[in-house]
$ cat final31.cif   # mmCIF, C-alpha atoms and all ligand atoms
data_target
loop_
_atom_site.label_atom_id
_atom_site.label_comp_id
_atom_site.auth_asym_id
_atom_site.auth_seq_id
_atom_site.Cartn_x
_atom_site.Cartn_y
_atom_site.Cartn_z
CA MET A 29 22.65 -29.34 -13.81
CA GLU A 30 22.83 -26.33 -11.49
CA PRO A 31 20.33 -26.52 -8.67
CA LEU A 32 17.38 -24.20 -9.15
CA SER A 33 17.82 -20.98 -7.16
CA ALA A 34 15.18 -18.68 -5.77
CA ALA A 35 16.54 -15.92 -8.01
CA ASP A 36 15.92 -18.11 -11.08
CA GLU A 37 12.49 -19.16 -9.98
CA VAL A 38 11.16 -15.75 -8.95
CA VAL A 39 10.97 -14.52 -12.54
CA ASP A 40 8.88 -17.49 -13.67
CA ILE A 41 6.57 -17.24 -10.68
CA CYS A 42 6.11 -13.51 -11.11
CA ARG A 43 5.35 -13.99 -14.82
CA ASP A 44 2.77 -16.69 -14.00
CA LEU A 45 1.07 -14.38 -11.49
CA LEU A 46 1.04 -11.45 -13.92
CA ARG A 47 -0.75 -13.65 -16.46
CA ILE A 48 -3.62 -14.22 -14.04
CA ASP A 49 -5.98 -11.27 -14.37
CA THR A 50 -6.93 -10.37 -10.79
CA SER A 51 -8.43 -6.95 -11.58
CA ASN A 52 -10.35 -5.63 -8.62
CA THR A 53 -13.09 -3.48 -10.05
CA GLY A 54 -14.57 -2.70 -6.65
CA ASP A 55 -17.67 -4.63 -7.70
CA PRO A 56 -17.71 -8.24 -6.39
CA ARG A 57 -19.66 -9.36 -9.49
CA THR A 58 -16.83 -8.43 -11.84
CA THR A 59 -13.84 -9.21 -9.61
CA VAL A 60 -12.98 -12.75 -10.56
CA GLY A 61 -9.31 -13.68 -10.66
CA GLU A 62 -8.39 -13.78 -6.98
CA ARG A 63 -9.42 -17.41 -6.57
CA VAL A 64 -7.35 -18.50 -9.57
CA ALA A 65 -4.30 -16.67 -8.22
CA ALA A 66 -4.81 -18.08 -4.72
CA GLU A 67 -5.01 -21.60 -6.16
CA TYR A 68 -1.78 -20.99 -8.05
CA VAL A 69 -0.07 -19.81 -4.84
CA ALA A 70 -1.52 -22.78 -2.94
CA ALA A 71 -0.06 -25.16 -5.52
CA GLN A 72 3.38 -23.51 -5.27
CA LEU A 73 3.35 -23.81 -1.48
CA SER A 74 1.91 -27.33 -1.41
CA GLU A 75 4.63 -28.46 -3.79
CA ALA A 76 7.12 -27.20 -1.19
CA GLY A 77 5.39 -29.24 1.52
CA ILE A 78 3.78 -26.21 3.16
CA ALA A 79 0.22 -26.65 4.40
CA VAL A 80 -2.14 -23.88 3.28
CA GLU A 81 -5.55 -22.67 4.33
CA LEU A 82 -7.77 -21.00 1.78
CA HIS A 83 -10.53 -18.76 3.10
CA GLU A 84 -13.14 -17.16 0.89
CA SER A 85 -14.87 -14.07 2.22
CA ALA A 86 -17.40 -14.36 -0.61
CA PRO A 87 -17.56 -16.65 -3.66
CA ARG A 88 -14.18 -16.47 -5.49
CA ARG A 89 -12.80 -13.84 -3.07
CA ALA A 90 -9.98 -16.07 -1.87
CA ASN A 91 -7.38 -15.43 0.82
CA LEU A 92 -4.56 -17.81 1.59
CA VAL A 93 -2.62 -18.24 4.83
CA ALA A 94 0.22 -20.65 5.63
CA ARG A 95 2.52 -21.05 8.61
CA ILE A 96 6.09 -22.30 8.35
CA PRO A 97 7.24 -23.55 11.74
CA GLY A 98 10.49 -22.00 12.93
CA ALA A 99 13.35 -23.45 14.98
CA ASP A 100 12.30 -21.55 18.11
CA ARG A 101 8.54 -21.74 18.35
CA SER A 102 8.45 -19.72 21.55
CA ARG A 103 9.45 -16.59 19.65
CA GLY A 104 6.91 -14.24 18.10
CA ALA A 105 6.12 -15.05 14.48
CA LEU A 106 6.86 -12.81 11.51
CA LEU A 107 3.95 -12.16 9.16
CA VAL A 108 4.89 -11.75 5.50
CA HIS A 109 1.91 -10.54 3.49
CA GLY A 110 1.03 -9.56 -0.04
CA HIS A 111 -2.20 -8.91 -1.89
CA LEU A 112 -3.11 -10.83 -5.03
CA ASP A 113 -5.58 -8.37 -6.55
CA VAL A 114 -4.57 -5.51 -8.83
CA VAL A 115 -6.26 -2.36 -10.05
CA PRO A 116 -7.79 -2.68 -13.54
CA ALA A 117 -5.74 -1.77 -16.60
CA ASP A 118 -6.94 -0.23 -19.87
CA ALA A 119 -5.08 -2.28 -22.51
CA SER A 120 -5.45 0.48 -25.13
CA GLU A 121 -3.13 2.71 -23.10
CA TRP A 122 -0.37 0.12 -22.63
CA SER A 123 2.70 -0.71 -24.76
CA VAL A 124 2.15 -4.43 -24.08
CA PRO A 125 -1.00 -6.36 -23.15
CA PRO A 126 -1.27 -5.72 -19.37
CA PHE A 127 -1.82 -9.38 -18.47
CA SER A 128 0.81 -10.90 -20.75
CA GLY A 129 3.72 -10.99 -18.30
CA GLU A 130 5.95 -10.05 -21.21
CA GLU A 131 9.70 -9.74 -20.63
CA LYS A 132 11.51 -7.06 -22.61
CA ASP A 133 14.23 -4.45 -22.10
CA GLY A 134 15.19 -6.07 -18.80
CA TYR A 135 11.72 -5.71 -17.29
CA LEU A 136 8.75 -7.94 -16.60
CA TRP A 137 5.70 -5.97 -17.74
CA GLY A 138 2.19 -6.24 -16.45
CA ARG A 139 -0.44 -4.93 -14.08
CA GLY A 140 0.74 -5.92 -10.61
CA ALA A 141 4.45 -6.04 -11.52
CA ILE A 142 5.30 -3.76 -8.60
CA ASP A 143 1.92 -3.68 -6.82
CA MET A 144 2.50 -6.32 -5.73
CA LYS A 145 2.87 -9.64 -7.50
CA ASP A 146 6.62 -9.04 -7.48
CA PHE A 147 6.71 -9.46 -3.71
CA ASP A 148 4.22 -12.33 -3.78
CA ALA A 149 6.60 -14.09 -6.18
CA MET A 150 9.63 -13.31 -4.00
CA THR A 151 8.03 -14.85 -0.93
CA LEU A 152 7.12 -18.00 -2.85
CA ALA A 153 10.58 -18.32 -4.40
CA VAL A 154 12.29 -17.91 -1.01
CA VAL A 155 10.27 -20.52 0.87
CA ARG A 156 10.39 -22.96 -2.04
CA GLY A 157 14.17 -22.56 -1.98
CA TRP A 158 14.22 -23.41 1.72
CA GLN A 159 12.31 -26.58 1.10
CA ARG A 160 14.90 -27.77 -1.43
CA THR A 161 17.68 -27.45 1.17
CA GLY A 162 15.68 -28.42 4.25
CA TYR A 163 16.23 -24.99 5.78
CA VAL A 164 14.22 -24.10 8.90
CA PRO A 165 13.79 -20.37 9.68
CA PRO A 166 14.68 -19.09 13.16
CA ARG A 167 11.05 -18.34 14.07
CA ASP A 168 7.60 -19.04 12.66
CA ILE A 169 6.88 -17.32 9.37
CA VAL A 170 3.22 -16.73 8.56
CA LEU A 171 2.52 -16.12 4.88
CA ALA A 172 -0.68 -14.32 3.90
CA TYR A 173 -1.91 -13.67 0.37
CA THR A 174 -4.94 -11.46 0.37
CA ALA A 175 -7.85 -10.42 -1.82
CA ASP A 176 -9.36 -6.97 -2.11
CA GLU A 177 -6.50 -4.73 -1.00
CA GLU A 178 -7.24 -2.39 -3.88
CA ALA A 179 -10.90 -1.76 -2.99
CA GLY A 180 -11.09 -1.30 0.74
CA MET A 181 -9.78 -4.67 2.04
CA GLU A 182 -13.21 -5.74 3.24
CA TYR A 183 -13.03 -9.12 1.42
CA GLY A 184 -9.33 -9.53 2.20
CA SER A 185 -7.25 -8.54 5.21
CA GLN A 186 -10.19 -7.01 7.09
CA PHE A 187 -12.10 -10.28 6.69
CA LEU A 188 -9.08 -12.32 7.81
CA VAL A 189 -8.46 -10.35 11.00
CA ARG A 190 -12.18 -10.32 11.81
CA GLU A 191 -13.00 -13.98 11.10
CA HIS A 192 -9.67 -15.79 11.31
CA ALA A 193 -7.51 -13.86 13.76
CA ASP A 194 -6.29 -17.21 15.16
CA LEU A 195 -4.22 -17.74 12.00
CA PHE A 196 -2.03 -14.82 13.08
CA GLU A 197 -1.62 -15.89 16.67
CA GLY A 198 1.79 -14.98 18.04
CA CYS A 199 2.66 -12.67 15.13
CA THR A 200 4.60 -9.73 16.55
CA GLU A 201 5.89 -8.08 13.38
CA ALA A 202 4.94 -7.95 9.72
CA ILE A 203 6.44 -6.97 6.40
CA GLY A 204 4.52 -6.16 3.22
CA GLU A 205 4.15 -3.24 0.80
CA VAL A 206 5.14 -0.32 0.25
CA GLY A 207 8.84 -0.02 1.05
CA GLY A 208 12.33 -1.46 0.65
CA PHE A 209 12.82 0.11 -2.80
CA SER A 210 15.88 2.13 -3.73
CA TYR A 211 16.34 5.81 -4.47
CA THR A 212 19.69 6.47 -6.08
CA VAL A 213 21.69 9.39 -4.71
CA ASN A 214 24.91 8.49 -6.56
CA ASP A 215 26.87 5.39 -7.59
CA ASP A 216 27.93 4.77 -4.00
CA LEU A 217 24.75 5.64 -2.14
CA ARG A 218 21.24 4.35 -2.50
CA LEU A 219 18.53 5.13 0.03
CA TYR A 220 16.09 2.29 0.67
CA LEU A 221 12.82 3.64 1.96
CA VAL A 222 11.27 1.48 4.68
CA GLU A 223 7.65 2.24 5.49
CA THR A 224 7.18 2.66 9.23
CA ALA A 225 4.02 4.78 9.17
CA GLU A 226 0.80 5.17 7.19
CA LYS A 227 -1.69 7.98 7.22
CA GLY A 228 -5.18 7.18 8.39
CA ILE A 229 -8.17 7.13 6.08
CA ASP A 230 -11.40 8.95 6.84
CA TRP A 231 -14.00 8.92 4.10
CA LEU A 232 -16.66 11.46 5.00
CA ARG A 233 -19.91 12.47 3.39
CA LEU A 234 -21.04 16.06 3.79
CA HIS A 235 -24.77 16.73 3.69
CA ALA A 236 -26.39 20.11 3.15
CA LYS A 237 -30.10 20.62 3.63
CA GLY A 238 -32.24 23.43 2.25
CA ARG A 239 -35.76 24.29 1.23
CA PRO A 240 -36.86 22.52 -1.94
CA GLY A 241 -38.47 24.76 -4.51
CA HIS A 242 -39.06 25.86 -8.09
CA GLY A 243 -35.99 26.79 -10.09
CA SER A 244 -37.62 29.96 -11.41
CA PHE A 245 -38.31 31.56 -8.00
CA VAL A 246 -36.19 33.77 -5.78
CA HIS A 247 -34.67 31.25 -3.35
CA ASP A 248 -32.30 31.93 -0.44
CA ASP A 249 -32.00 28.44 1.09
CA ASN A 250 -30.51 26.28 -1.64
CA ALA A 251 -28.83 23.02 -0.51
CA VAL A 252 -26.68 22.88 -3.66
CA THR A 253 -25.28 26.35 -3.01
CA ALA A 254 -24.55 25.55 0.64
CA LEU A 255 -22.87 22.28 -0.24
CA ALA A 256 -20.85 23.83 -3.06
CA GLU A 257 -19.51 26.50 -0.70
CA ALA A 258 -18.44 23.88 1.85
CA VAL A 259 -16.85 21.65 -0.79
CA ALA A 260 -14.93 24.54 -2.34
CA ALA A 261 -13.73 25.68 1.08
CA VAL A 262 -12.47 22.18 1.97
CA GLY A 263 -10.87 21.67 -1.42
CA ARG A 264 -8.91 24.91 -1.17
CA HIS A 265 -7.98 24.61 2.51
CA ARG A 266 -4.43 23.81 3.58
CA PHE A 267 -4.42 22.13 6.96
CA PRO A 268 -1.61 23.03 9.39
CA MET A 269 1.74 21.32 9.09
CA VAL A 270 2.51 18.52 11.56
CA VAL A 271 5.86 16.75 11.30
CA THR A 272 5.76 13.35 13.00
CA PRO A 273 8.92 11.52 14.16
CA THR A 274 8.94 9.32 11.03
CA VAL A 275 8.73 12.24 8.62
CA ARG A 276 11.28 14.22 10.60
CA ALA A 277 13.75 11.32 10.47
CA PHE A 278 13.10 10.89 6.76
CA LEU A 279 13.59 14.56 5.94
CA GLU A 280 16.75 14.87 8.01
CA GLN A 281 18.38 11.79 6.54
CA VAL A 282 17.39 12.52 2.96
CA SER A 283 18.41 16.18 3.16
CA GLU A 284 21.78 15.16 4.50
CA ALA A 285 22.30 12.48 1.83
CA LEU A 286 21.29 14.83 -1.00
CA GLY A 287 22.90 17.96 0.43
CA ILE A 288 19.55 19.77 0.46
CA GLU A 289 18.98 22.63 2.89
CA LEU A 290 16.07 21.64 5.13
CA ASP A 291 13.95 24.42 6.56
CA PRO A 292 11.95 22.75 9.35
CA ASP A 293 9.19 25.33 8.91
CA GLU A 294 8.90 24.77 5.17
CA PRO A 295 9.68 21.06 4.64
CA GLU A 296 7.66 21.02 1.43
CA LEU A 297 10.37 23.10 -0.25
CA ALA A 298 12.87 20.33 0.48
CA ILE A 299 10.40 17.61 -0.49
CA ALA A 300 9.81 19.24 -3.89
CA LYS A 301 13.51 18.78 -4.67
CA LEU A 302 13.30 14.99 -4.29
CA GLY A 303 11.96 14.45 -7.79
CA PRO A 304 9.64 11.49 -8.37
CA ILE A 305 9.58 10.28 -4.76
CA ALA A 306 8.17 13.66 -3.73
CA ASN A 307 4.80 12.16 -4.74
CA LEU A 308 5.15 9.52 -2.04
CA ILE A 309 6.16 11.95 0.70
CA GLY A 310 4.46 15.20 -0.26
CA ALA A 311 1.20 14.53 1.56
CA THR A 312 2.77 13.30 4.80
CA VAL A 313 3.34 16.65 6.53
CA ARG A 314 -0.33 17.62 6.76
CA ASN A 315 -3.81 16.20 7.08
CA THR A 316 -5.48 16.39 3.67
CA ALA A 317 -9.10 16.50 2.49
CA ASN A 318 -9.93 16.07 -1.18
CA PRO A 319 -13.53 16.26 -2.46
CA THR A 320 -14.13 13.25 -4.71
CA ARG A 321 -17.89 12.92 -5.37
CA LEU A 322 -20.93 15.16 -5.63
CA GLU A 323 -24.57 14.24 -5.54
CA ALA A 324 -27.58 16.54 -5.80
CA GLY A 325 -30.76 17.14 -7.72
CA TYR A 326 -32.96 15.18 -10.09
CA LYS A 327 -34.38 17.76 -12.50
CA ASP A 328 -33.09 20.91 -14.18
CA ASN A 329 -35.83 23.20 -12.83
CA VAL A 330 -36.22 21.77 -9.30
CA ILE A 331 -34.16 23.01 -6.37
CA PRO A 332 -33.46 19.87 -4.33
CA GLY A 333 -33.87 19.79 -0.56
CA LYS A 334 -30.52 18.12 -0.01
CA ALA A 335 -27.10 17.74 -1.53
CA SER A 336 -24.10 15.65 -0.55
CA ALA A 337 -20.41 15.26 -1.30
CA THR A 338 -17.74 12.73 -0.44
CA ILE A 339 -14.44 13.94 0.97
CA ASP A 340 -11.40 11.66 0.99
CA CYS A 341 -9.56 12.68 4.16
CA ARG A 342 -6.14 11.37 5.12
CA THR A 343 -4.95 12.02 8.64
CA LEU A 344 -1.56 11.88 10.30
CA PRO A 345 -0.95 9.60 13.31
CA GLY A 346 -2.70 11.05 16.36
CA GLN A 347 -4.54 13.67 14.33
CA ALA A 348 -7.94 12.06 13.56
CA GLU A 349 -9.94 13.97 16.18
CA ILE A 350 -8.03 17.24 15.82
CA PHE A 351 -8.62 17.04 12.10
CA LEU A 352 -12.39 16.75 12.52
CA ASP A 353 -12.40 19.93 14.61
CA GLN A 354 -10.38 21.69 11.93
CA LEU A 355 -12.71 20.45 9.21
CA ARG A 356 -15.75 21.69 11.13
CA GLN A 357 -14.18 25.16 11.25
CA VAL A 358 -13.75 25.09 7.48
CA ILE A 359 -17.24 23.92 6.50
CA GLY A 360 -19.22 25.82 9.13
CA PRO A 361 -21.89 24.61 11.57
CA ASP A 362 -24.77 23.81 9.18
CA ILE A 363 -23.24 21.00 7.15
CA GLU A 364 -23.81 17.50 8.52
CA ILE A 365 -20.81 15.12 8.58
CA GLU A 366 -21.42 11.41 8.01
CA HIS A 367 -18.61 8.91 8.65
CA VAL A 368 -18.47 6.43 5.80
CA SER A 369 -15.28 4.56 6.59
CA ARG A 370 -12.37 5.14 8.91
CA GLN A 371 -9.05 3.39 9.36
CA GLU A 372 -6.49 4.49 11.90
CA ALA A 373 -3.11 5.89 11.00
CA LEU A 374 -0.07 3.79 11.91
CA GLU A 375 3.36 4.71 13.14
CA THR A 376 6.10 2.55 14.61
CA GLY A 377 9.69 3.30 15.54
CA PHE A 378 12.61 2.67 13.23
CA ASP A 379 14.45 0.47 15.69
CA GLY A 380 14.82 -3.10 16.89
CA ALA A 381 16.35 -6.32 15.60
CA LEU A 382 14.13 -6.61 12.52
CA VAL A 383 14.97 -3.08 11.37
CA GLU A 384 18.68 -3.82 11.90
CA ALA A 385 18.30 -7.02 9.90
CA MET A 386 16.67 -5.11 7.00
CA GLY A 387 19.69 -2.82 6.78
CA ALA A 388 22.15 -5.70 7.03
CA ALA A 389 20.35 -7.75 4.36
CA LEU A 390 20.35 -4.80 1.97
CA ARG A 391 24.01 -3.91 2.57
CA ALA A 392 25.05 -7.54 1.99
CA GLU A 393 23.63 -7.27 -1.54
CA ASP A 394 24.26 -3.55 -2.14
CA PRO A 395 27.21 -2.02 -0.25
CA GLY A 396 25.83 1.45 -1.07
CA ALA A 397 22.53 0.79 0.71
CA ARG A 398 21.26 3.00 3.53
CA THR A 399 17.81 2.48 5.04
CA VAL A 400 15.53 5.44 5.76
CA PRO A 401 12.10 5.33 7.44
CA TYR A 402 9.18 7.02 5.74
CA MET A 403 5.43 7.50 5.99
CA LEU A 404 3.08 6.35 3.22
CA SER A 405 0.21 8.72 2.51
CA GLY A 406 -1.96 5.84 1.27
CA GLY A 407 -3.16 2.72 3.05
CA THR A 408 -2.27 -0.98 2.81
CA ASP A 409 -3.23 -4.31 4.39
CA ALA A 410 -1.02 -3.21 7.31
CA LYS A 411 -4.05 -1.24 8.49
CA ALA A 412 -5.91 -4.47 9.19
CA PHE A 413 -3.00 -6.52 10.52
CA SER A 414 -1.92 -3.77 12.91
CA THR A 415 -5.30 -4.05 14.66
CA LEU A 416 -4.05 -7.43 15.94
CA GLY A 417 -1.20 -5.65 17.72
CA ILE A 418 1.30 -6.51 15.00
CA ARG A 419 4.09 -4.03 14.31
CA CYS A 420 3.90 -3.45 10.56
CA PHE A 421 6.61 -2.41 8.11
CA GLY A 422 6.59 -1.81 4.38
CA PHE A 423 9.56 -3.82 3.14
CA ALA A 424 9.34 -5.47 -0.27
CA PRO A 425 12.96 -5.04 -1.38
CA LEU A 426 13.70 -3.86 -4.92
CA LYS A 427 16.81 -2.32 -6.40
CA LEU A 428 15.68 0.11 -9.06
CA PRO A 429 17.46 1.79 -11.96
CA ALA A 430 18.33 5.39 -11.04
CA ASP A 431 16.19 6.89 -13.81
CA LEU A 432 13.01 4.86 -13.22
CA ASN A 433 10.01 6.90 -12.05
CA PHE A 434 8.94 4.24 -9.59
CA SER A 435 6.04 6.01 -7.89
CA ALA A 436 4.39 6.68 -11.29
CA LEU A 437 4.19 2.93 -11.92
CA PHE A 438 1.78 2.32 -9.02
CA HIS A 439 -1.62 1.92 -10.67
CA GLY A 440 0.06 3.46 -13.74
CA VAL A 441 0.32 2.60 -17.41
CA ASP A 442 3.14 0.19 -18.39
CA GLU A 443 3.68 -1.03 -14.85
CA ARG A 444 6.85 -3.13 -14.89
CA VAL A 445 9.52 -4.49 -12.60
CA PRO A 446 13.24 -4.74 -13.44
CA VAL A 447 14.21 -8.42 -13.64
CA GLU A 448 17.54 -7.79 -11.90
CA GLY A 449 15.76 -5.80 -9.21
CA LEU A 450 13.37 -8.68 -8.63
CA GLN A 451 16.26 -11.13 -8.26
CA PHE A 452 18.01 -8.70 -5.94
CA GLY A 453 14.83 -8.54 -3.89
CA VAL A 454 14.67 -12.31 -3.52
CA ARG A 455 18.23 -12.44 -2.20
CA VAL A 456 17.58 -9.62 0.27
CA LEU A 457 14.30 -11.15 1.44
CA ASP A 458 15.96 -14.54 1.89
CA ARG A 459 18.72 -12.98 4.00
CA LEU A 460 16.23 -10.98 6.05
CA LEU A 461 13.97 -13.92 6.81
CA GLN A 462 16.96 -16.08 7.73
CA ALA A 463 18.24 -13.36 10.08
CA SER A 464 14.92 -12.45 11.63
ZN ZN B 501 -0.56 -2.65 -3.30
#
$ encode --input "final31.cif" --output "structure tokens"
Amino acid sequence: MEPLSAADEVVDICRDLLRIDTSNTGDPRTTVGERVAAEYVAAQLSEAGIAVELHESAPRRANLVARIPGADRSRGALLVHGHLDVVPADASEWSVPPFSGEEKDGYLWGRGAIDMKDFDAMTLAVVRGWQRTGYVPPRDIVLAYTADEEAGMEYGSQFLVREHADLFEGCTEAIGEVGGFSYTVNDDLRLYLVETAEKGIDWLRLHAKGRPGHGSFVHDDNAVTALAEAVAAVGRHRFPMVVTPTVRAFLEQVSEALGIELDPDEPELAIAKLGPIANLIGATVRNTANPTRLEAGYKDNVIPGKASATIDCRTLPGQAEIFLDQLRQVIGPDIEIEHVSRQEALETGFDGALVEAMGAALRAEDPGARTVPYMLSGGTDAKAFSTLGIRCFGFAPLKLPADLNFSALFHGVDERVPVEGLQFGVRVLDRLLQAS
């Protein structure tokens, strides 16, 4: 019998994980599957002789961390992290039941297939493979499987770095989502986007105050009117363009590969030509502010004394304070700004031995591979881990079919991962971890 390979095992592990419903509803009372998934991961690691620590931030909100000792323990450790929760799925919209882990047409289907039980499965398959051959990695590898990435990370990575920072002692670099996936230029050239930067998150609440009164009277100090004006102004405002080193490098390399004329003053014209991946990049040349919630009033004929709105602001590295000044200009002096939640933007250079090793690992499995750095407009667990001084990258390798609209699958209907791409990813990850 052929010995079991990581590429064989990854499909089974990914299917098992997809069958565990870890929907994160944002409400701890209805978010239930993380513990089950963490126990599954713990069993897979324990079977491979790897000691695990399970830490619950609240009942059933389980996080798992394990350390695999490397050959040279004086070197900084590499953190490899993935979240176990997923966003909910409405089964009536899907072609297959979203928690069935069904395999058809060359894909494994299910909520979490690319975000990010695929990578969780890859990491497990790789280290289980090492155990079968007695392989010892060059430096310590810390594995972290987190809860609550999809609803603010409070019960997951934020909890871990706050309460259990010692588990990550000595970690100098990290890999996790969202990066390492391919964008096909032609048969001989595929760009693999490596995430080296993330926009910051600033959730703000705007408050307008006015004079309460009767809805039938003449009234010139209405909080709803004032708030509505501010919200409309923010929603329609385009903040100035700022091209950071990561985005500049991305645009230059992609324009060259695709033969697109890049106008440095109008990069959005070039970005629009990138097709589906334009979604991933489009918001990374400006700070953005999108109104998401409104709250005012309690009766049809009463003018309320206050009104409020939530604005989801995403800021470029180094722009958080500048952005607030710009926002103040847009909304005027009378609206109060409340800070609800803020997480810093991240940006690291696209250089060093680990970055070289990513490129080498990809090219060993795909001679047409070329790595390109990019900035994610969203946020990941890297936000929390970077607060420990860890240099974070998005690198969860996947080779994708040229015609797959990958970015639409994130939180989308019929989320699925190509089986061959998953097996490719395991081989690349194995090479990277062995070379890191
Ligand atoms: Zn994710």
$ atom_distance --input "final31.cif" --atom1 "atom CA of Val39 of chain A" --atom2 "atom CA of Trp137 of chain A"
11.3 Å
$ residues_near_ligand --input "final31.cif" --ligand "ligand ZN 501 (chain B)" --cutoff "10 Å" --atoms "only C-alpha atoms and all ligand atoms" --output "ChimeraX atom specification"
/A:110-115,140,142-145,147,176-178,204-206,406-409,438-439
$ closest_residue --input "final31.cif" --among "A:Asp44, A:Glu130, A:Asp118, A:Glu384" --to "Val400 of chain A" --atoms "all atoms listed in the file"
A:Glu384
$ atom_distance --input "final31.cif" --atom1 "atom CA of Leu32 of chain A" --atom2 "atom CA of Gly387 of chain A"
26.8 Å
$ closest_residue --input "final31.cif" --among "A:Tyr402, A:Asp230, A:Glu366, A:Ser51" --to "Glu280 of chain A" --atoms "all atoms listed in the file"
A:Tyr402
$ atom_distance --input "final31.cif" --atom1 "atom CA of Glu75 of chain A" --atom2 "atom CA of Glu448 of chain A"
25.7 Å
$ closest_residue --input "final31.cif" --among "A:Trp122, A:Phe378, A:Phe196, A:Phe452" --to "Arg391 of chain A" --atoms "all atoms listed in the file"
A:Phe452
$ closest_residue --input "final31.cif" --among "A:Thr58, A:Ser210, A:Thr50, A:Asn91" --to "Gly138 of chain A" --atoms "all atoms listed in the file"
A:Thr50
$ residues_around --input "final31.cif" --residues "segment 246-260 of chain A" --least-positions-apart "3" --cutoff "10 Å" --atoms "all atoms listed in the file" --output "short mmCIF file (atom, residue, chain, number, x, y, z; two decimals) with C-alpha atoms, keeping the file's coordinate frame"
data_model
loop_
_atom_site.label_atom_id
_atom_site.label_comp_id
_atom_site.auth_asym_id
_atom_site.auth_seq_id
_atom_site.Cartn_x
_atom_site.Cartn_y
_atom_site.Cartn_z
CA LEU A 234 -21.04 16.06 3.79
CA HIS A 235 -24.77 16.73 3.69
CA ALA A 236 -26.39 20.11 3.15
CA LYS A 237 -30.10 20.62 3.63
CA GLY A 238 -32.24 23.43 2.25
CA ARG A 239 -35.76 24.29 1.23
CA PRO A 240 -36.86 22.52 -1.94
CA GLY A 241 -38.47 24.76 -4.51
CA HIS A 242 -39.06 25.86 -8.09
CA GLY A 243 -35.99 26.79 -10.09
CA GLY A 263 -10.87 21.67 -1.42
CA ARG A 264 -8.91 24.91 -1.17
CA HIS A 265 -7.98 24.61 2.51
CA ALA A 317 -9.10 16.50 2.49
CA ASN A 318 -9.93 16.07 -1.18
CA PRO A 319 -13.53 16.26 -2.46
CA THR A 320 -14.13 13.25 -4.71
CA ARG A 321 -17.89 12.92 -5.37
CA LEU A 322 -20.93 15.16 -5.63
CA GLU A 323 -24.57 14.24 -5.54
CA ALA A 324 -27.58 16.54 -5.80
CA GLY A 325 -30.76 17.14 -7.72
CA ILE A 331 -34.16 23.01 -6.37
CA PRO A 332 -33.46 19.87 -4.33
CA GLY A 333 -33.87 19.79 -0.56
CA LYS A 334 -30.52 18.12 -0.01
CA ALA A 335 -27.10 17.74 -1.53
CA SER A 336 -24.10 15.65 -0.55
CA ALA A 337 -20.41 15.26 -1.30
CA THR A 338 -17.74 12.73 -0.44
CA ILE A 339 -14.44 13.94 0.97
CA LEU A 355 -12.71 20.45 9.21
CA ARG A 356 -15.75 21.69 11.13
CA VAL A 358 -13.75 25.09 7.48
CA ILE A 359 -17.24 23.92 6.50
CA GLY A 360 -19.22 25.82 9.13
CA ASP A 362 -24.77 23.81 9.18
CA ILE A 363 -23.24 21.00 7.15
#
$ residues_near_point --input "final31.cif" --point "(18.6, -5.8, -9.4)" --cutoff "9 Å" --atoms "all atoms listed in the file" --output "NGL selection string"
:A and (426-429 or 446-453)
$ closest_residue --input "final31.cif" --among "A:Val330, A:Ala298, A:Leu152, A:Leu404" --to "Arg342 of chain A" --atoms "only C-alpha atoms"
A:Leu404
$ residues_near_point --input "final31.cif" --point "(16.0, -23.1, 3.5)" --cutoff "12 Å" --atoms "all atoms listed in the file" --output "VMD selection string"
chain A and resid 33 to 34 76 96 98 to 99 153 to 166 458 to 459 461 to 463
$ closest_residue --input "final31.cif" --among "A:Ser283, A:Thr53, A:Thr312, A:Gln354" --to "Ala175 of chain A" --atoms "all atoms listed in the file"
A:Thr53
